[in-house]
file work_8.tsv (TSV, C-alpha atoms and all ligand atoms)
chain	number	residue	atom	x	y	z
A	21	MET	CA	84.21	136.51	-50.72
A	22	ALA	CA	83.50	138.31	-47.40
A	23	SER	CA	80.46	137.03	-45.49
A	24	PRO	CA	77.39	139.29	-45.66
A	25	MET	CA	76.74	141.80	-42.89
A	26	ARG	CA	74.50	140.45	-40.11
A	27	ASN	CA	72.56	142.34	-37.46
A	28	LEU	CA	74.29	142.34	-34.06
A	29	ILE	CA	71.19	141.60	-31.97
A	30	SER	CA	70.86	138.21	-33.70
A	31	ASP	CA	74.11	137.14	-31.97
A	32	HIS	CA	73.07	137.26	-28.30
A	33	ALA	CA	76.54	136.64	-26.85
A	34	ARG	CA	78.33	139.22	-28.98
A	35	TYR	CA	75.53	141.74	-28.45
A	36	VAL	CA	75.90	141.49	-24.67
A	37	GLN	CA	79.71	141.64	-24.92
A	38	SER	CA	79.65	144.80	-27.04
A	39	PHE	CA	76.90	146.40	-24.92
A	40	ARG	CA	78.96	145.84	-21.75
A	41	LEU	CA	82.01	147.38	-23.40
A	42	PHE	CA	79.86	150.31	-24.53
A	43	LEU	CA	78.76	150.82	-20.90
A	44	ALA	CA	82.39	150.70	-19.71
A	45	SER	CA	83.51	153.17	-22.41
A	46	SER	CA	80.69	155.65	-22.05
A	47	THR	CA	79.03	157.82	-19.42
A	48	GLU	CA	75.66	156.24	-20.35
A	49	HIS	CA	74.80	154.81	-16.94
A	50	GLN	CA	76.44	157.69	-15.02
A	51	SER	CA	74.22	160.17	-16.90
A	52	MET	CA	71.11	158.11	-16.23
A	53	ARG	CA	72.15	157.69	-12.60
A	54	ALA	CA	72.54	161.46	-12.14
A	55	PHE	CA	69.10	162.04	-13.63
A	56	LEU	CA	67.41	159.29	-11.62
A	57	GLU	CA	69.05	160.40	-8.37
A	58	GLY	CA	68.08	164.03	-8.95
A	59	GLN	CA	64.75	164.00	-10.76
A	60	LEU	CA	63.08	160.63	-10.33
A	61	PRO	CA	61.82	161.14	-6.75
A	62	ALA	CA	59.66	164.10	-7.86
A	63	LEU	CA	58.33	162.12	-10.83
A	64	LEU	CA	57.38	159.22	-8.55
A	65	ALA	CA	55.53	161.52	-6.17
A	66	SER	CA	52.02	160.36	-7.09
A	67	ILE	CA	52.35	156.81	-8.44
A	68	GLY	CA	51.90	155.01	-5.12
A	69	ASN	CA	49.55	157.28	-3.21
A	70	GLY	CA	47.52	155.26	-0.75
A	71	LYS	CA	48.73	151.91	-2.13
A	72	SER	CA	50.10	149.01	-0.11
A	73	THR	CA	51.65	147.43	-3.24
A	74	ILE	CA	53.37	149.17	-6.14
A	75	ASN	CA	53.63	147.34	-9.47
A	76	ILE	CA	56.58	148.13	-11.71
A	77	LEU	CA	57.16	146.77	-15.22
A	78	SER	CA	60.64	146.94	-16.74
A	79	VAL	CA	60.68	146.41	-20.52
A	80	GLY	CA	64.14	145.37	-21.81
A	81	GLY	CA	65.62	145.56	-18.31
A	82	GLY	CA	69.00	144.13	-19.39
A	83	ALA	CA	71.27	143.19	-16.48
A	84	GLY	CA	69.26	145.31	-14.04
A	85	GLU	CA	71.73	148.10	-13.13
A	86	ILE	CA	69.24	150.87	-13.86
A	87	ASP	CA	66.26	148.83	-12.66
A	88	LEU	CA	67.77	148.45	-9.19
A	89	LEU	CA	68.47	152.15	-8.99
A	90	ILE	CA	64.85	152.89	-9.91
A	91	LEU	CA	63.70	150.42	-7.24
A	92	SER	CA	65.83	152.13	-4.59
A	93	LYS	CA	64.15	155.45	-5.42
A	94	VAL	CA	60.67	153.92	-5.23
A	95	GLN	CA	61.58	152.34	-1.86
A	96	ALA	CA	62.83	155.69	-0.56
A	97	THR	CA	59.64	157.45	-1.70
A	98	TYR	CA	57.32	154.78	-0.27
A	99	PRO	CA	59.12	153.20	2.70
A	100	GLY	CA	57.88	149.74	3.67
A	101	VAL	CA	55.53	149.32	0.72
A	102	THR	CA	55.55	145.97	-1.14
A	103	ILE	CA	56.87	146.19	-4.71
A	104	ASN	CA	56.22	143.75	-7.55
A	105	ASN	CA	58.95	144.23	-10.14
A	106	ASP	CA	58.31	142.36	-13.40
A	107	VAL	CA	60.99	142.30	-16.08
A	108	ILE	CA	60.50	141.59	-19.78
A	109	GLU	CA	63.89	140.61	-21.21
A	110	PRO	CA	64.45	138.17	-24.10
A	111	ASN	CA	68.19	137.65	-23.55
A	112	ALA	CA	68.84	134.78	-21.08
A	113	ASP	CA	72.37	135.98	-20.40
A	114	GLN	CA	71.10	139.41	-19.34
A	115	ILE	CA	68.51	137.77	-17.06
A	116	SER	CA	71.12	135.65	-15.31
A	117	LYS	CA	73.31	138.74	-14.73
A	118	TYR	CA	70.22	140.53	-13.37
A	119	LYS	CA	69.52	137.63	-10.95
A	120	GLU	CA	73.15	137.66	-9.75
A	121	ARG	CA	72.92	141.40	-9.13
A	122	VAL	CA	69.70	140.99	-7.13
A	123	ALA	CA	71.31	138.22	-5.05
A	124	GLU	CA	74.25	140.53	-4.23
A	125	THR	CA	72.08	143.53	-3.29
A	126	SER	CA	70.79	144.13	0.22
A	127	ASN	CA	67.52	145.85	1.19
A	128	LEU	CA	65.40	144.14	-1.47
A	129	GLU	CA	63.30	142.14	1.03
A	130	ASN	CA	60.10	143.97	0.13
A	131	VAL	CA	60.60	143.50	-3.64
A	132	LYS	CA	59.25	140.48	-5.51
A	133	PHE	CA	61.00	139.92	-8.85
A	134	THR	CA	59.43	138.09	-11.79
A	135	TRP	CA	61.41	137.67	-15.01
A	136	HIS	CA	59.72	137.02	-18.33
A	137	GLU	CA	62.21	135.70	-20.87
A	138	GLU	CA	60.47	137.09	-23.95
A	139	THR	CA	60.22	140.15	-26.17
A	140	ALA	CA	57.84	143.03	-25.54
A	141	TYR	CA	55.66	141.76	-28.40
A	142	GLU	CA	55.61	138.18	-27.03
A	143	TYR	CA	54.56	139.54	-23.64
A	144	GLU	CA	51.77	141.55	-25.26
A	145	SER	CA	50.53	138.52	-27.25
A	146	ARG	CA	50.63	136.25	-24.20
A	147	MET	CA	48.76	138.76	-22.04
A	148	SER	CA	46.17	139.41	-24.73
A	149	ALA	CA	45.57	135.64	-25.10
A	150	GLU	CA	45.20	135.27	-21.33
A	151	LYS	CA	42.68	138.15	-21.38
A	152	LYS	CA	43.89	139.36	-17.96
A	153	PRO	CA	45.37	142.77	-18.61
A	154	LYS	CA	47.47	143.67	-15.59
A	155	LYS	CA	47.89	147.36	-14.76
A	156	TRP	CA	51.13	148.98	-13.63
A	157	ASP	CA	52.05	152.01	-11.50
A	158	PHE	CA	55.36	152.56	-13.25
A	159	ILE	CA	56.57	151.20	-16.59
A	160	HIS	CA	60.03	151.91	-17.96
A	161	MET	CA	61.68	151.28	-21.32
A	162	VAL	CA	65.34	152.17	-21.09
A	163	GLN	CA	67.31	152.08	-24.35
A	164	MET	CA	65.27	149.24	-25.84
A	165	LEU	CA	62.75	150.71	-28.29
A	166	TYR	CA	65.21	150.23	-31.20
A	167	TYR	CA	64.49	146.50	-31.00
A	168	VAL	CA	60.70	146.43	-31.33
A	169	LYS	CA	59.13	146.04	-34.77
A	170	ASP	CA	56.32	148.56	-34.35
A	171	VAL	CA	57.25	151.44	-32.01
A	172	PRO	CA	53.88	153.31	-32.11
A	173	ALA	CA	51.93	150.08	-31.38
A	174	THR	CA	54.31	149.13	-28.57
A	175	LEU	CA	53.98	152.56	-26.97
A	176	ARG	CA	50.19	152.46	-27.30
A	177	TYR	CA	50.01	148.99	-25.73
A	178	PHE	CA	52.25	149.68	-22.72
A	179	HIS	CA	50.68	153.10	-22.15
A	180	SER	CA	47.27	151.39	-22.00
A	181	LEU	CA	48.57	149.31	-19.06
A	182	LEU	CA	49.15	152.34	-16.83
A	183	GLU	CA	47.16	152.82	-13.65
A	184	THR	CA	45.33	156.16	-13.40
A	185	GLN	CA	48.25	157.75	-11.51
A	186	GLY	CA	50.94	155.72	-13.27
A	187	LYS	CA	53.87	156.91	-15.38
A	188	LEU	CA	55.73	155.57	-18.40
A	189	LEU	CA	59.43	156.47	-18.53
A	190	ILE	CA	61.31	156.12	-21.83
A	191	ILE	CA	65.03	156.65	-22.40
A	192	VAL	CA	66.37	156.80	-25.98
A	193	THR	CA	69.20	158.55	-27.77
A	194	SER	CA	68.70	162.26	-28.14
A	195	GLU	CA	67.82	163.85	-31.45
A	196	ILE	CA	70.98	165.92	-30.82
A	197	SER	CA	73.57	163.13	-30.68
A	198	GLY	CA	76.14	161.36	-32.82
A	199	TRP	CA	73.73	158.44	-33.19
A	200	GLU	CA	71.24	160.68	-34.98
A	201	THR	CA	73.88	161.82	-37.48
A	202	LEU	CA	75.37	158.37	-38.02
A	203	TRP	CA	72.19	156.33	-38.31
A	204	ARG	CA	70.16	158.81	-40.34
A	205	LYS	CA	72.93	158.88	-42.90
A	206	TYR	CA	74.12	155.25	-42.89
A	207	GLY	CA	71.12	153.36	-41.45
A	208	PRO	CA	69.83	152.55	-44.96
A	209	SER	CA	73.19	150.87	-45.81
A	210	LEU	CA	73.21	148.73	-42.65
A	211	PRO	CA	71.45	145.35	-42.25
A	212	PHE	CA	68.78	146.14	-39.69
A	213	GLN	CA	66.85	143.16	-41.10
A	214	ASP	CA	63.64	143.93	-39.31
A	215	LEU	CA	65.44	143.33	-35.98
A	216	CYS	CA	66.38	146.86	-35.19
A	217	SER	CA	65.35	150.35	-36.26
A	218	TYR	CA	66.84	153.72	-35.59
A	219	ILE	CA	64.74	155.99	-33.45
A	220	SER	CA	65.63	159.04	-31.43
A	221	SER	CA	63.75	161.36	-29.10
A	222	ALA	CA	62.37	163.21	-32.16
A	223	ASP	CA	60.54	160.06	-33.32
A	224	ILE	CA	59.17	159.29	-29.85
A	225	LYS	CA	57.85	162.84	-29.42
A	226	ARG	CA	56.21	162.72	-32.86
A	227	ILE	CA	54.50	159.40	-32.03
A	228	LEU	CA	53.30	160.67	-28.63
A	229	ASP	CA	52.07	163.94	-30.15
A	230	SER	CA	50.07	162.16	-32.82
A	231	ALA	CA	48.54	159.88	-30.17
A	232	GLY	CA	47.60	163.00	-28.17
A	233	LEU	CA	49.62	161.87	-25.13
A	234	LYS	CA	51.11	164.32	-22.63
A	235	TYR	CA	54.77	164.04	-21.64
A	236	GLN	CA	57.80	165.88	-20.29
A	237	ALA	CA	61.23	165.55	-21.92
A	238	TYR	CA	64.70	165.98	-20.39
A	239	GLU	CA	68.10	166.04	-22.10
A	240	LEU	CA	71.07	164.18	-20.58
A	241	PRO	CA	74.62	164.88	-21.76
A	242	SER	CA	76.72	161.76	-22.33
A	243	HIS	CA	79.72	160.64	-24.38
A	244	MET	CA	81.46	157.45	-25.43
A	245	ASP	CA	85.22	157.09	-25.88
A	246	ILE	CA	85.65	155.58	-29.37
A	247	THR	CA	89.42	156.21	-29.70
A	248	SER	CA	90.09	152.44	-29.93
A	249	CYS	CA	87.87	152.20	-33.03
A	250	PHE	CA	90.61	153.98	-34.99
A	251	ILE	CA	93.36	151.49	-34.04
A	252	GLU	CA	93.41	148.85	-36.78
A	253	GLY	CA	92.90	145.34	-35.35
A	254	ASN	CA	92.05	146.56	-31.81
A	255	LYS	CA	89.54	144.07	-30.37
A	256	ASP	CA	87.73	146.60	-28.16
A	257	GLY	CA	87.54	149.03	-31.07
A	258	GLU	CA	85.97	146.28	-33.22
A	259	LEU	CA	83.35	145.49	-30.57
A	260	LEU	CA	82.46	149.16	-30.15
A	261	LEU	CA	82.11	149.51	-33.91
A	262	ASP	CA	79.69	146.59	-33.82
A	263	PHE	CA	77.63	148.40	-31.22
A	264	LEU	CA	77.72	151.68	-33.15
A	265	THR	CA	76.60	150.10	-36.41
A	266	GLU	CA	74.48	147.22	-34.96
A	267	VAL	CA	76.48	144.92	-37.26
A	268	CYS	CA	78.11	141.71	-36.06
A	269	ASP	CA	81.85	141.89	-36.86
A	270	PHE	CA	81.45	145.13	-38.81
A	271	SER	CA	85.21	145.55	-39.39
A	272	LYS	CA	85.46	142.22	-41.18
A	273	THR	CA	82.12	142.05	-42.97
A	274	ALA	CA	81.37	145.64	-44.09
A	275	PRO	CA	82.15	146.53	-47.71
A	276	PRO	CA	85.46	148.53	-47.63
A	277	GLU	CA	83.89	151.71	-49.03
A	278	LEU	CA	81.10	151.73	-46.40
A	279	LYS	CA	83.62	151.06	-43.64
A	280	HIS	CA	85.79	153.92	-44.87
A	281	GLN	CA	82.82	156.33	-45.00
A	282	ILE	CA	81.59	155.40	-41.51
A	283	MET	CA	85.07	155.75	-40.00
A	284	GLU	CA	85.32	159.23	-41.57
A	285	GLU	CA	81.85	160.15	-40.32
A	286	LEU	CA	82.64	159.07	-36.77
A	287	ARG	CA	85.50	161.60	-36.57
A	288	LYS	CA	83.39	164.53	-37.78
A	289	PRO	CA	82.23	167.20	-35.32
A	290	GLU	CA	78.59	166.20	-36.02
A	291	CYS	CA	79.40	162.87	-34.32
A	292	SER	CA	82.37	163.35	-32.03
A	293	GLU	CA	84.70	165.85	-30.41
A	294	LYS	CA	88.44	165.50	-29.82
A	295	ARG	CA	89.53	166.02	-26.24
A	296	ASP	CA	92.88	165.19	-24.59
A	297	GLY	CA	93.87	163.03	-27.56
A	298	LYS	CA	90.61	161.03	-27.33
A	299	VAL	CA	87.70	160.80	-29.76
A	300	LEU	CA	84.48	161.24	-27.77
A	301	PHE	CA	81.28	160.26	-29.56
A	302	ASN	CA	78.20	162.32	-28.65
A	303	ASN	CA	75.99	159.85	-26.77
A	304	ASN	CA	73.42	162.37	-25.46
A	305	LEU	CA	70.21	160.82	-24.18
A	306	SER	CA	66.61	161.92	-23.75
A	307	VAL	CA	64.30	160.93	-20.95
A	308	ILE	CA	60.61	161.16	-21.81
A	309	VAL	CA	58.04	160.75	-19.06
A	310	VAL	CA	54.53	160.03	-20.34
A	311	GLU	CA	51.40	160.81	-18.33
A	312	PRO	CA	48.61	158.20	-18.04
A	401	LIG	C1	70.72	148.50	-24.90
A	401	LIG	S1	70.14	147.23	-23.83
A	401	LIG	C2	69.49	148.19	-22.47
A	401	LIG	C3	69.43	147.41	-21.19
A	401	LIG	C4	69.03	148.23	-19.95
A	401	LIG	N1	67.68	148.77	-20.07
A	401	LIG	C5	70.03	149.35	-19.72
A	401	LIG	O1	69.78	150.48	-20.10
A	401	LIG	O2	71.11	149.04	-19.18
A	401	LIG	C6	68.65	146.71	-24.65
A	401	LIG	C7	67.97	145.52	-23.98
A	401	LIG	O3	66.73	145.28	-24.64
A	401	LIG	C8	66.58	143.88	-24.79
A	401	LIG	N2	65.67	143.64	-25.93
A	401	LIG	C9	66.00	143.41	-27.22
A	401	LIG	N3	64.89	143.26	-27.97
A	401	LIG	C10	63.84	143.38	-27.13
A	401	LIG	C11	62.43	143.29	-27.30
A	401	LIG	N4	61.90	143.08	-28.51
A	401	LIG	N5	61.63	143.43	-26.21
A	401	LIG	C12	62.18	143.66	-24.99
A	401	LIG	N6	63.52	143.77	-24.77
A	401	LIG	C13	64.33	143.62	-25.83
A	401	LIG	C14	67.99	143.39	-25.03
A	401	LIG	O4	68.13	142.00	-24.78
A	401	LIG	C15	68.79	144.25	-24.06
A	401	LIG	O5	68.91	143.66	-22.80

call {"tool": "encode", "arguments": {"input": "work_8.tsv", "output": "structure tokens"}}
result
Amino acid sequence: MASPMRNLISDHARYVQSFRLFLASSTEHQSMRAFLEGQLPALLASIGNGKSTINILSVGGGAGEIDLLILSKVQATYPGVTINNDVIEPNADQISKYKERVAETSNLENVKFTWHEETAYEYESRMSAEKKPKKWDFIHMVQMLYYVKDVPATLRYFHSLLETQGKLLIIVTSEISGWETLWRKYGPSLPFQDLCSYISSADIKRILDSAGLKYQAYELPSHMDITSCFIEGNKDGELLLDFLTEVCDFSKTAPPELKHQIMEELRKPECSEKRDGKVLFNNNLSVIVVEP
């Protein structure tokens, strides 16, 4: 009998492997980079006014690629200012990649890094027990809200940590993306096991609206080349399928009928387009910037 399906995030090493392949096969970080290069400076305009130290909190910072880009923009906006950059990241492998990246990057002399190897919820519990709520000028949550148990409570908590001129930046998949189509339809058949939930920009906006919070939203086009997923036995294709479904070894553990349906769905125009012989999955993103 085939082994039961297991959530991908529970296997730290395979999760990181499939996430890295996803980054290499998609324009995810290029799209974020274009947005952050073009729009972030204006959004940062008020966070550090009159301050000698700027405090930044990265929630689910991963291996730090996007975090370092954000830091470079803060440095350019506030030359010479001291920056405290705290990172909440439960995956030890991601933290060690982040540390390597910092060691290889120049111009970070005025940045003090502190890594917290824990989940967002563990950080919240620890801080609440210590009864020393620390405030932040800029908090970001880039592609990580799928992994918290209670999204509204997490947003409420981190929003409450903003300084009066601070900003909370969230990046999630867009409500107009292949993820939305795939996960809305097949999410209930996949083993999210309380470790992962599907949310898109539509859910975040609804939560912020009901909390009465003000925000601006931006759409970023992005795609992911999933051609290898359709080549039987292709190792990269199998890893990308794991990332798409959040299932560890999806190809080998999914019931055949579910696998067949998902493979069909992935080819449909609601999920992907065909271009130059490639299948390009719609990986559009949304950036949501929340006011204090
Ligand atoms: C899709 S990756 C995004 C990483 C990075 N922000 C980026 O965009 O490149 C999600 C990250 O969230 C981390 N993560 C998973 N569960 C988390 C939780 N409950 N709290 C904080 N981070 C979490 C994962 O370890 C992973 O590094």

call {"tool": "closest_atom_pairs", "arguments": {"input": "work_8.tsv", "of": "chain A", "to": "ligand LIG 401 (chain A)", "cutoff": "6 Å", "atoms": "all atoms listed in the file", "output": "CSV"}}
result
residue,atom,partner,partner_atom,distance
A:Val79,CA,A:LIG401,C12,5.5
A:Gly80,CA,A:LIG401,N6,3.4
A:Gly81,CA,A:LIG401,N1,4.2
A:Gly82,CA,A:LIG401,O5,3.4
A:Ile86,CA,A:LIG401,O2,5.9
A:Ile108,CA,A:LIG401,C12,5.9
A:Glu109,CA,A:LIG401,N6,4.8
A:Pro110,CA,A:LIG401,O4,5.4
A:Asn111,CA,A:LIG401,O4,4.5
A:Gln114,CA,A:LIG401,O5,5.9
A:Thr139,CA,A:LIG401,N5,3.6
A:Ala140,CA,A:LIG401,N5,3.9
A:Val162,CA,A:LIG401,N1,4.3
A:Gln163,CA,A:LIG401,C2,4.8
A:Met164,CA,A:LIG401,C6,4.4
A:Tyr167,CA,A:LIG401,N3,4.5
A:Val168,CA,A:LIG401,N4,4.5

call {"tool": "write_last_selection", "arguments": {"input": "work_8.tsv", "atoms": "C-alpha atoms", "output": "tab-separated table (two decimals), keeping the file's coordinate frame"}}
result
chain	number	residue	atom	x	y	z
A	79	VAL	CA	60.68	146.41	-20.52
A	80	GLY	CA	64.14	145.37	-21.81
A	81	GLY	CA	65.62	145.56	-18.31
A	82	GLY	CA	69.00	144.13	-19.39
A	86	ILE	CA	69.24	150.87	-13.86
A	108	ILE	CA	60.50	141.59	-19.78
A	109	GLU	CA	63.89	140.61	-21.21
A	110	PRO	CA	64.45	138.17	-24.10
A	111	ASN	CA	68.19	137.65	-23.55
A	114	GLN	CA	71.10	139.41	-19.34
A	139	THR	CA	60.22	140.15	-26.17
A	140	ALA	CA	57.84	143.03	-25.54
A	162	VAL	CA	65.34	152.17	-21.09
A	163	GLN	CA	67.31	152.08	-24.35
A	164	MET	CA	65.27	149.24	-25.84
A	167	TYR	CA	64.49	146.50	-31.00
A	168	VAL	CA	60.70	146.43	-31.33

call {"tool": "closest_residue", "arguments": {"input": "work_8.tsv", "among": "A:Thr97, A:Ser292, A:Gln281, A:Ser180", "to": "Ser242 of chain A", "atoms": "only C-alpha atoms"}}
result
A:Ser292

call {"tool": "closest_residue", "arguments": {"input": "work_8.tsv", "among": "A:Ala149, A:Leu89, A:Leu188, A:Ala222", "to": "His49 of chain A", "atoms": "only C-alpha atoms"}}
result
A:Leu89

call {"tool": "residues_around", "arguments": {"input": "work_8.tsv", "residues": "Ser217 of chain A", "least_positions_apart": "6", "cutoff": "12 Å", "atoms": "only C-alpha atoms", "output": "list in words"}}
result
Asn27, Ile29, Met164, Leu165, Tyr166, Tyr167, Val168, Lys169, Asp170, Val171, Glu200, Trp203, Arg204, Gly207, Pro208, Leu210, Pro211, Asp223, Thr265 and Glu266 of chain A

call {"tool": "residues_around", "arguments": {"input": "work_8.tsv", "residues": "Ile224 of chain A", "least_positions_apart": "2", "cutoff": "12 Å", "atoms": "only C-alpha atoms", "output": "PyMOL selection string"}}
result
chain A and resi 161+165-166+170-176+189-195+218-222+226-231+233-237+306-310

call {"tool": "closest_residue", "arguments": {"input": "work_8.tsv", "among": "A:Met147, A:Ala33, A:Leu43, A:Val94", "to": "Asp113 of chain A", "atoms": "all atoms listed in the file"}}
result
A:Ala33

call {"tool": "residues_around", "arguments": {"input": "work_8.tsv", "residues": "Gly198 of chain A", "least_positions_apart": "6", "cutoff": "12 Å", "atoms": "all atoms listed in the file", "output": "CSV table (one decimal) with C-alpha atoms, in the coordinates of the input"}}
result
chain,number,residue,atom,x,y,z
A,204,ARG,CA,70.2,158.8,-40.3
A,205,LYS,CA,72.9,158.9,-42.9
A,206,TYR,CA,74.1,155.2,-42.9
A,220,SER,CA,65.6,159.0,-31.4
A,241,PRO,CA,74.6,164.9,-21.8
A,242,SER,CA,76.7,161.8,-22.3
A,243,HIS,CA,79.7,160.6,-24.4
A,244,MET,CA,81.5,157.4,-25.4
A,246,ILE,CA,85.6,155.6,-29.4
A,264,LEU,CA,77.7,151.7,-33.2
A,265,THR,CA,76.6,150.1,-36.4
A,282,ILE,CA,81.6,155.4,-41.5
A,285,GLU,CA,81.8,160.2,-40.3
A,286,LEU,CA,82.6,159.1,-36.8
A,287,ARG,CA,85.5,161.6,-36.6
A,288,LYS,CA,83.4,164.5,-37.8
A,289,PRO,CA,82.2,167.2,-35.3
A,290,GLU,CA,78.6,166.2,-36.0
A,291,CYS,CA,79.4,162.9,-34.3
A,292,SER,CA,82.4,163.4,-32.0
A,293,GLU,CA,84.7,165.8,-30.4
A,299,VAL,CA,87.7,160.8,-29.8
A,300,LEU,CA,84.5,161.2,-27.8
A,301,PHE,CA,81.3,160.3,-29.6
A,302,ASN,CA,78.2,162.3,-28.6
A,303,ASN,CA,76.0,159.8,-26.8
A,304,ASN,CA,73.4,162.4,-25.5
A,305,LEU,CA,70.2,160.8,-24.2

call {"tool": "closest_residue", "arguments": {"input": "work_8.tsv", "among": "A:Gly84, A:Ala62, A:Tyr143, A:Gly100", "to": "Lys117 of chain A", "atoms": "all atoms listed in the file"}}
result
A:Gly84

call {"tool": "residues_around", "arguments": {"input": "work_8.tsv", "residues": "segment 68-76 of chain A", "least_positions_apart": "3", "cutoff": "6 Å", "atoms": "only C-alpha atoms", "output": "list in words"}}
result
Val101, Thr102, Ile103, Asn104, Asn105, Trp156, Asp157, Phe158 and Ile159 of chain A

call {"tool": "atom_distance", "arguments": {"input": "work_8.tsv", "atom1": "atom CA of Gly186 of chain A", "atom2": "atom CA of Val131 of chain A"}}
result
18.3 Å

call {"tool": "atom_distance", "arguments": {"input": "work_8.tsv", "atom1": "atom CA of Arg121 of chain A", "atom2": "atom CA of Leu259 of chain A"}}
result
24.2 Å

call {"tool": "atom_distance", "arguments": {"input": "work_8.tsv", "atom1": "atom CA of Pro153 of chain A", "atom2": "atom CA of Leu181 of chain A"}}
result
7.3 Å

call {"tool": "closest_residue", "arguments": {"input": "work_8.tsv", "among": "A:Tyr98, A:Pro61, A:Gly253, A:Ala83", "to": "Lys119 of chain A", "atoms": "only C-alpha atoms"}}
result
A:Ala83

call {"tool": "closest_residue", "arguments": {"input": "work_8.tsv", "among": "A:Ser92, A:Ser148, A:Ser78, A:Ser248", "to": "Ser126 of chain A", "atoms": "only C-alpha atoms"}}
result
A:Ser92

call {"tool": "decode", "arguments": {"input": "work_8.tsv", "residues": "segment 126-172 of chain A", "atoms": "C-alpha atoms", "output": "mmCIF file, in the first residue's frame"}}
result
data_model
loop_
_atom_site.group_PDB
_atom_site.id
_atom_site.type_symbol
_atom_site.label_atom_id
_atom_site.label_comp_id
_atom_site.auth_asym_id
_atom_site.auth_seq_id
_atom_site.Cartn_x
_atom_site.Cartn_y
_atom_site.Cartn_z
ATOM 1 C CA SER A 126 29.549 44.230 1.934
ATOM 2 C CA ASN A 127 28.158 47.504 3.321
ATOM 3 C CA LEU A 128 26.296 45.912 6.224
ATOM 4 C CA GLU A 129 28.499 47.486 8.931
ATOM 5 C CA ASN A 130 25.657 49.578 10.332
ATOM 6 C CA VAL A 131 23.240 46.604 10.513
ATOM 7 C CA LYS A 132 22.967 44.392 13.589
ATOM 8 C CA PHE A 133 21.383 41.015 12.826
ATOM 9 C CA THR A 134 19.570 38.886 15.401
ATOM 10 C CA TRP A 135 18.086 35.539 14.363
ATOM 11 C CA HIS A 136 15.297 33.889 16.325
ATOM 12 C CA GLU A 137 15.002 30.221 15.407
ATOM 13 C CA GLU A 138 11.285 29.893 16.107
ATOM 14 C CA THR A 139 7.859 30.301 14.545
ATOM 15 C CA ALA A 140 5.902 33.547 14.549
ATOM 16 C CA TYR A 141 3.632 32.098 17.239
ATOM 17 C CA GLU A 142 6.579 31.008 19.419
ATOM 18 C CA TYR A 143 8.031 34.512 19.138
ATOM 19 C CA GLU A 144 4.695 36.023 20.164
ATOM 20 C CA SER A 145 4.373 33.661 23.172
ATOM 21 C CA ARG A 146 7.952 34.319 24.288
ATOM 22 C CA MET A 147 7.545 38.092 24.010
ATOM 23 C CA SER A 148 4.209 38.044 25.812
ATOM 24 C CA ALA A 149 5.746 35.991 28.658
ATOM 25 C CA GLU A 150 8.662 38.422 28.906
ATOM 26 C CA LYS A 151 6.148 41.302 29.063
ATOM 27 C CA LYS A 152 8.527 43.578 27.112
ATOM 28 C CA PRO A 153 6.729 44.311 23.882
ATOM 29 C CA LYS A 154 9.297 45.697 21.462
ATOM 30 C CA LYS A 155 8.083 48.088 18.763
ATOM 31 C CA TRP A 156 9.247 48.062 15.152
ATOM 32 C CA ASP A 157 9.556 50.671 12.392
ATOM 33 C CA PHE A 158 9.137 48.147 9.605
ATOM 34 C CA ILE A 159 7.793 44.592 9.761
ATOM 35 C CA HIS A 160 7.637 42.324 6.729
ATOM 36 C CA MET A 161 6.038 38.941 6.092
ATOM 37 C CA VAL A 162 7.068 37.716 2.676
ATOM 38 C CA GLN A 163 5.369 34.528 1.437
ATOM 39 C CA MET A 164 5.028 33.017 4.907
ATOM 40 C CA LEU A 165 1.456 33.552 6.125
ATOM 41 C CA TYR A 166 0.420 30.125 4.728
ATOM 42 C CA TYR A 167 2.319 28.532 7.605
ATOM 43 C CA VAL A 168 0.727 30.222 10.616
ATOM 44 C CA LYS A 169 -2.247 28.585 12.333
ATOM 45 C CA ASP A 170 -4.317 31.710 12.899
ATOM 46 C CA VAL A 171 -3.762 34.369 10.207
ATOM 47 C CA PRO A 172 -6.079 37.086 11.660
#
